[in-house]
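Okay, structure first, notes after.
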Amino acid sequence: MAAPGEIRSCVSPGLPGAWAEFLGRIAMRGGPEPADNAGLSDFFRKAAAAVRDRKVSRADLRSLFANLEPAAFSSATMQGVVLAQRFGYPGDFELLDCIYKGCTCADPALARWDVFFHGQPAIRALRNAKAFFRSWLSQAEADFDNRLPRLRLLCPGGGPGRELLEYFAENPASRVFCTYLDPDARAVAYAAGICAPVAGRVEYQQANPLGFQAAEPHLIWACGLFDYLDDLNLVSILRRLWHLLLPGGRLVSGSFSRANPSRDYMNLLGWRLHHRDASELVLLAGQVGVPGKAIQVEADPEGAYLFLHLDKKYFP
């Protein structure tokens, strides 16, 4: 058993000793305090650069993380949950729901690591996206002709479904009916459980974004989907969604920005995503055939996330 803050000897001797000592001191003090944030960000930046330059392996870093005491990177912490990829892929529905709820470890020796995790710009951006969804959907519903008795919303790559629960709970008179899609049956079951109080507002499909069957939607919310796709697959799916969208409809998708300040931290935890800038998103939408004046890109307040808006109001 290692002493508190000590890195066990199985860690590769090639790792810079200063990294182990730095993390060990923070762990021994019960986790990071705000004054440690800059140093931790510098550590993750340097560690990511060392991995890219093949000076350090991912296995070396995983060994360092695994052997830190107290267990700051164990599955008892949020960053450990990211590392573990319990469902076999990063950014799963259960992790996202814990982010939405701001979950922290009950162990005071580990709780400050969760505070650090939730304070990351990318994690705040994900919570911002949930709030943005409710605001966007409310405005879109208000803008549509009130003679339409029902507005169809399509949510491919649906995640935990908590934003749907919150929207319908806040708007009991909403005209929106949602089709939720996710390729993971476990995500579908989880979202159905979350949305049980508003069950009549949502239907569920286990399907990938190219293989689903759904009525033509007035609205599409595809945030959380394109981050995991290369350009070729993104264009294929976006093309289908754009052509499926009814005239007068709106589509919003999201992408982590190349300026994401948390990118190195996420990468080292195994949460590797496709990052893009606004000009890339505009270019990809153009490849689908979306006219330039129908495209708008909006950044979230953290500067970590971009929203791609496509407006079919005046365009076929």
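Chain labels A, B, ... are given in the sequence in which chains occur in the structure tokens; within each chain residues are numbered consecutively from 1, and ligands are likewise numbered from 1 in the order shown.
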Enumerate, in order of chain and increasing residue number, the residues of segment 224-294 of chain A with an atom no farther than 10 Å from segment 109-119 of chain A, each with its shortest atom pair and distance in Å to one decimal, counting only C-alpha atoms, as a tab-separated table.
```
residue	atom	partner	partner_atom	distance
A:Ser262	CA	A:Phe117	CA	9.8
A:Tyr265	CA	A:Phe117	CA	9.4
A:Met266	CA	A:Phe117	CA	10.0
```
May I have the selected residues written with C-alpha atoms, as a CSV table (one decimal), in the first residue's frame?
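And here is the file that came out, out34.csv:
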```
chain,number,residue,atom,x,y,z
A,262,SER,CA,-10.2,21.6,-21.8
A,265,TYR,CA,-7.6,17.3,-20.2
A,266,MET,CA,-10.4,15.5,-22.1
```
Legend entry - Selection near Ala173 of chain A, 12 Å with only C-alpha atoms, sequence-local residues under 6 positions removed, as a ChimeraX atom specification: /A:138,141-142,149-150,167,198,201
Could the residues in this selection be written to a file with C-alpha atoms, as an mmCIF file, in the first residue's frame?
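Final output, saved to out-v1.cif:
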```cif
data_model
loop_
_atom_site.group_PDB
_atom_site.id
_atom_site.type_symbol
_atom_site.label_atom_id
_atom_site.label_comp_id
_atom_site.auth_asym_id
_atom_site.auth_seq_id
_atom_site.Cartn_x
_atom_site.Cartn_y
_atom_site.Cartn_z
ATOM 1 C CA SER A 138 -39.071 27.567 -26.508
ATOM 2 C CA GLU A 141 -42.080 26.827 -30.721
ATOM 3 C CA ALA A 142 -43.184 30.434 -30.269
ATOM 4 C CA PRO A 149 -51.388 21.519 -33.423
ATOM 5 C CA ARG A 150 -48.111 19.587 -33.120
ATOM 6 C CA TYR A 167 -38.411 21.306 -21.134
ATOM 7 C CA VAL A 198 -43.553 13.172 -19.531
ATOM 8 C CA ARG A 201 -44.301 13.587 -25.204
#
```
Legend entry - Coordinates-based distance that separates atom CA of Arg186 of chain A from atom CA of Gln120 of chain A (Å, one decimal):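 One can read the atom CA of Gln120 of chain A to atom CA of Arg186 of chain A distance as 27.3 Å.
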Legend entry - Residues near Thr179 of chain A, cut-off 9 Å, only C-alpha atoms, skip fewer than 6 positions along chain, as a list in words: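 Near neighbours after the sequence-gap exclusion: Arg152, Leu153, Leu154, Cys155, Pro156, Arg201, Val202, Glu203, Tyr204, Gln205, Ala214, Ala215 and Pro217 of chain A.
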Those residues with N, CA and C atoms, as a CSV table (one decimal), in the first residue's frame please?
```csv
chain,number,residue,atom,x,y,z
A,152,ARG,N,-43.1,18.5,-34.6
A,152,ARG,CA,-42.3,17.3,-34.5
A,152,ARG,C,-40.8,17.7,-34.3
A,153,LEU,N,-40.2,17.2,-33.2
A,153,LEU,CA,-38.8,17.4,-32.9
A,153,LEU,C,-38.1,16.1,-33.0
A,154,LEU,N,-36.9,16.1,-33.7
A,154,LEU,CA,-36.1,14.9,-33.8
A,154,LEU,C,-34.8,15.1,-33.1
A,155,CYS,N,-34.4,14.2,-32.2
A,155,CYS,CA,-33.2,14.2,-31.4
A,155,CYS,C,-32.3,13.0,-31.7
A,156,PRO,N,-31.5,13.0,-32.7
A,156,PRO,CA,-30.6,11.9,-32.9
A,156,PRO,C,-29.4,12.0,-32.0
A,201,ARG,N,-44.9,12.6,-24.3
A,201,ARG,CA,-44.3,13.6,-25.2
A,201,ARG,C,-43.1,13.1,-26.0
A,202,VAL,N,-42.7,11.8,-25.8
A,202,VAL,CA,-41.5,11.3,-26.4
A,202,VAL,C,-41.7,9.9,-26.9
A,203,GLU,N,-41.3,9.6,-28.1
A,203,GLU,CA,-41.2,8.2,-28.6
A,203,GLU,C,-39.7,7.9,-28.8
A,204,TYR,N,-39.4,6.6,-28.7
A,204,TYR,CA,-38.0,6.2,-28.7
A,204,TYR,C,-37.7,5.2,-29.8
A,205,GLN,N,-36.5,5.3,-30.3
A,205,GLN,CA,-36.0,4.4,-31.3
A,205,GLN,C,-34.5,4.0,-31.0
A,214,ALA,N,-38.7,7.9,-39.3
A,214,ALA,CA,-39.4,9.0,-38.5
A,214,ALA,C,-40.1,9.9,-39.5
A,215,ALA,N,-41.2,10.5,-39.0
A,215,ALA,CA,-41.9,11.5,-39.8
A,215,ALA,C,-41.0,12.7,-40.0
A,217,PRO,N,-39.5,16.1,-39.5
A,217,PRO,CA,-39.6,16.9,-38.4
A,217,PRO,C,-39.6,18.4,-38.7
```
Inset, instruction - Record the distance separating atom CA of Val51 of chain A and atom CA of Asp227 of chain A, expressed in Å with one decimal. - result: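 For atom CA of Val51 of chain A relative to atom CA of Asp227 of chain A, the distance reads 21.6 Å.
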Legend entry - DSSP-assigned strand (DSSP E or B) among segment 110-283 of chain A, expressed as an MDAnalysis selection string: chainID A and resid 151:156 176:182 202:206 219:222 250:257 276
Inset, instruction - For Val81 of chain A, please output as a PyMOL selection string all residues within 10 Å (counting only C-alpha atoms; exclusion window: fewer than 4 positions along the same chain). - result: chain A and resi 73-77+85-86+90-92+94-95+98+269
Inset, instruction - Write down as a ChimeraX atom specification the residues belonging to segment 74-312 of chain A that are assigned alpha helix (DSSP H) by DSSP computed on the backbone. - result: /A:78-84,93-101,108-118,121-143,162-170,185-194,231-244,263-268,278-288
List as a short mmCIF file (atom, residue, chain, number, x, y, z; two decimals) with N, CA and C atoms, in the first residue's frame the protein and nucleic acid residues near Ala49 of chain A, meaning an atom at most 12 Å away when only C-alpha atoms are counted, but skip any in the same chain fewer than 5 places from it.
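File produced: selection_15.cif:
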```cif
data_model
loop_
_atom_site.label_atom_id
_atom_site.label_comp_id
_atom_site.auth_asym_id
_atom_site.auth_seq_id
_atom_site.Cartn_x
_atom_site.Cartn_y
_atom_site.Cartn_z
N ASP A 42 -1.56 23.35 -16.77
CA ASP A 42 -0.24 23.27 -17.37
C ASP A 42 0.23 21.82 -17.44
N PHE A 43 -0.04 21.03 -16.38
CA PHE A 43 0.33 19.62 -16.39
C PHE A 43 -0.36 18.89 -17.54
N PHE A 44 -1.68 19.07 -17.68
CA PHE A 44 -2.40 18.36 -18.73
C PHE A 44 -1.94 18.79 -20.12
N ARG A 54 5.28 11.37 -28.54
CA ARG A 54 5.69 10.00 -28.23
C ARG A 54 6.85 9.94 -27.24
N LYS A 55 6.90 10.92 -26.38
CA LYS A 55 7.88 10.90 -25.30
C LYS A 55 7.36 10.14 -24.10
N VAL A 56 6.03 10.07 -24.00
CA VAL A 56 5.35 9.36 -22.93
C VAL A 56 4.19 8.60 -23.57
N SER A 57 3.91 7.41 -23.10
CA SER A 57 2.79 6.65 -23.65
C SER A 57 1.53 6.90 -22.84
N ARG A 58 0.39 6.62 -23.45
CA ARG A 58 -0.87 6.69 -22.72
C ARG A 58 -0.89 5.67 -21.59
N ARG A 263 -9.41 20.75 -23.94
CA ARG A 263 -9.16 19.68 -24.91
C ARG A 263 -8.10 18.70 -24.43
N ASP A 264 -6.98 19.19 -23.91
CA ASP A 264 -5.91 18.30 -23.46
C ASP A 264 -6.37 17.43 -22.30
N TYR A 265 -7.08 18.03 -21.36
CA TYR A 265 -7.61 17.28 -20.21
C TYR A 265 -8.52 16.15 -20.69
N ASN A 267 -8.67 14.74 -23.69
CA ASN A 267 -7.92 13.75 -24.46
C ASN A 267 -7.19 12.76 -23.56
N LEU A 268 -6.56 13.27 -22.51
CA LEU A 268 -5.80 12.39 -21.63
C LEU A 268 -6.70 11.46 -20.83
#
```
Inset, instruction - Check the smallest atom-to-atom distance from each of A:Arg124, A:Arg134, A:Lys313, A:Arg147 to Asn171 of chain A using only C-alpha atoms, then report the winner. - result: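 So, comparing all the options, the nearest one is A:Arg134.
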Inset, instruction - For each of A:Gly30, A:Gly286, A:Gly24, A:Gly80, take the minimum atom-to-atom distance to Leu68 of chain A, counting only C-alpha atoms, then give the residue where this is smallest. - result: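 So, comparing all the options, the nearest one is A:Gly24.
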Legend entry - Nearest residue to Trp221 of chain A from the set A:Leu251, A:Leu238, A:Ala20, A:Ala84 (distances using only C-alpha atoms):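 For Trp221 of chain A, the nearest of the given residues is A:Leu251.
When only C-alpha atoms are used to measure the gap to Ala278 of chain A, the shortest distance among A:Ala304, A:Ile123, A:Leu234, A:Val290 belongs to A:Ala304.
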Residue neighbourhood His243 of chain A, 10 Å, only C-alpha atoms, exclusion window fewer than 4 positions, as an mmCIF file with N, CA and C atoms, in the first residue's frame:
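What follows is the written file selection.cif:
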```
data_model
loop_
_atom_site.group_PDB
_atom_site.id
_atom_site.type_symbol
_atom_site.label_atom_id
_atom_site.label_comp_id
_atom_site.auth_asym_id
_atom_site.auth_seq_id
_atom_site.Cartn_x
_atom_site.Cartn_y
_atom_site.Cartn_z
ATOM 1 N N GLU A 216 -41.237 13.423 -41.038
ATOM 2 C CA GLU A 216 -40.435 14.619 -41.282
ATOM 3 C C GLU A 216 -40.597 15.603 -40.134
ATOM 4 N N LEU A 238 -25.602 14.756 -41.873
ATOM 5 C CA LEU A 238 -26.183 16.098 -41.967
ATOM 6 C C LEU A 238 -27.004 16.239 -43.241
ATOM 7 N N ARG A 239 -26.544 15.628 -44.331
ATOM 8 C CA ARG A 239 -27.310 15.690 -45.580
ATOM 9 C C ARG A 239 -28.686 15.056 -45.385
ATOM 10 N N PRO A 247 -39.819 22.145 -44.826
ATOM 11 C CA PRO A 247 -39.651 23.565 -45.152
ATOM 12 C C PRO A 247 -40.128 24.435 -43.984
ATOM 13 N N VAL A 288 -23.343 19.924 -47.932
ATOM 14 C CA VAL A 288 -24.644 19.253 -47.889
ATOM 15 C C VAL A 288 -25.633 19.925 -48.831
ATOM 16 N N GLY A 289 -25.315 21.151 -49.240
ATOM 17 C CA GLY A 289 -26.211 21.895 -50.111
ATOM 18 C C GLY A 289 -26.987 22.977 -49.390
ATOM 19 N N VAL A 290 -26.614 23.271 -48.152
ATOM 20 C CA VAL A 290 -27.299 24.332 -47.411
ATOM 21 C C VAL A 290 -26.805 25.680 -47.927
ATOM 22 N N LYS A 312 -34.270 26.454 -42.525
ATOM 23 C CA LYS A 312 -34.882 26.086 -43.793
ATOM 24 C C LYS A 312 -36.121 26.916 -44.093
ATOM 25 N N PRO A 316 -35.196 25.448 -50.002
ATOM 26 C CA PRO A 316 -35.634 24.075 -50.207
ATOM 27 C C PRO A 316 -34.637 23.089 -49.623
#
```
Inset, instruction - Please provide the set of residues having any atom within 7 Å of segment 187-195 of chain A, restricted to only C-alpha atoms, with same-chain residues fewer than 2 positions apart removed, written as number ranges by chain. - result: A: 93, 159-162, 165, 182, 184-185, 197-199, 204, 206
Emit the selected residues as a compact mmCIF listing (two decimals), in the first residue's frame, including N, CA and C atoms.
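Listed below is the output, result_6.txt:
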```
# COMPACT_ATOMS: atom_id res chain seq x y z
N PHE A 93 -24.24 8.29 -22.01
CA PHE A 93 -25.45 8.92 -21.48
C PHE A 93 -25.41 9.08 -19.97
N GLY A 159 -28.70 10.82 -25.95
CA GLY A 159 -28.10 10.96 -24.64
C GLY A 159 -29.07 10.62 -23.52
N PRO A 160 -28.93 11.26 -22.36
CA PRO A 160 -29.76 10.88 -21.21
C PRO A 160 -31.19 11.35 -21.26
N GLY A 161 -31.51 12.32 -22.10
CA GLY A 161 -32.88 12.80 -22.21
C GLY A 161 -33.30 13.80 -21.15
N ARG A 162 -32.39 14.24 -20.32
CA ARG A 162 -32.79 15.12 -19.21
C ARG A 162 -33.27 16.48 -19.71
N LEU A 165 -36.96 16.13 -20.43
CA LEU A 165 -37.74 16.14 -19.20
C LEU A 165 -37.91 17.56 -18.69
N ASP A 182 -31.16 6.82 -30.46
CA ASP A 182 -29.81 6.53 -30.00
C ASP A 182 -29.47 5.10 -30.43
N ASP A 184 -27.55 3.04 -28.93
CA ASP A 184 -27.31 2.20 -27.75
C ASP A 184 -28.64 1.94 -27.04
N ALA A 185 -29.03 0.67 -26.98
CA ALA A 185 -30.30 0.31 -26.32
C ALA A 185 -30.30 0.72 -24.86
N PRO A 197 -41.95 10.81 -16.41
CA PRO A 197 -43.00 11.76 -16.01
C PRO A 197 -43.66 12.49 -17.19
N VAL A 198 -42.99 12.51 -18.36
CA VAL A 198 -43.55 13.17 -19.53
C VAL A 198 -43.63 12.17 -20.69
N ALA A 199 -43.95 10.92 -20.37
CA ALA A 199 -43.84 9.82 -21.32
C ALA A 199 -44.63 10.06 -22.60
N TYR A 204 -39.38 6.59 -28.70
CA TYR A 204 -37.98 6.17 -28.66
C TYR A 204 -37.68 5.18 -29.77
N GLN A 206 -34.20 2.75 -31.04
CA GLN A 206 -32.80 2.38 -31.04
C GLN A 206 -32.38 2.29 -32.50
```
Inset, instruction - State, in Å with one decimal place, the distance from atom CA of Leu225 of chain A to atom CA of Phe87 of chain A. - result: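 Separating atom CA of Leu225 of chain A from atom CA of Phe87 of chain A is a distance of 16.5 Å.
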Would you write out, as a Markdown table, a table of all residues in segment 95-170 of chain A that have an atom no more than 9 Å from an atom of segment 305-309 of chain A, listing for each the closest atom pair and the distance in Å to one decimal, considering only C-alpha atoms and ordering rows by chain and rising residue number?
```
| residue | atom | partner | partner_atom | distance |
| --- | --- | --- | --- | --- |
| A:Ala122 | CA | A:Tyr305 | CA | 7.3 |
| A:Ala125 | CA | A:Tyr305 | CA | 6.3 |
| A:Leu126 | CA | A:Tyr305 | CA | 8.0 |
| A:Ala129 | CA | A:Tyr305 | CA | 8.4 |
```
Legend entry - Selected residue of minimal separation from Arg29 of chain A among A:Ala72, A:Leu181, A:Val82, A:Leu61, counting only C-alpha atoms: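 Using only C-alpha atoms, Arg29 of chain A sits closest to A:Ala72.
Considering the residues A:Ile26, A:Ala140, A:Leu40, A:Ala222 and counting only C-alpha atoms, Tyr180 of chain A has its shortest atom-to-atom contact with A:Ala222.
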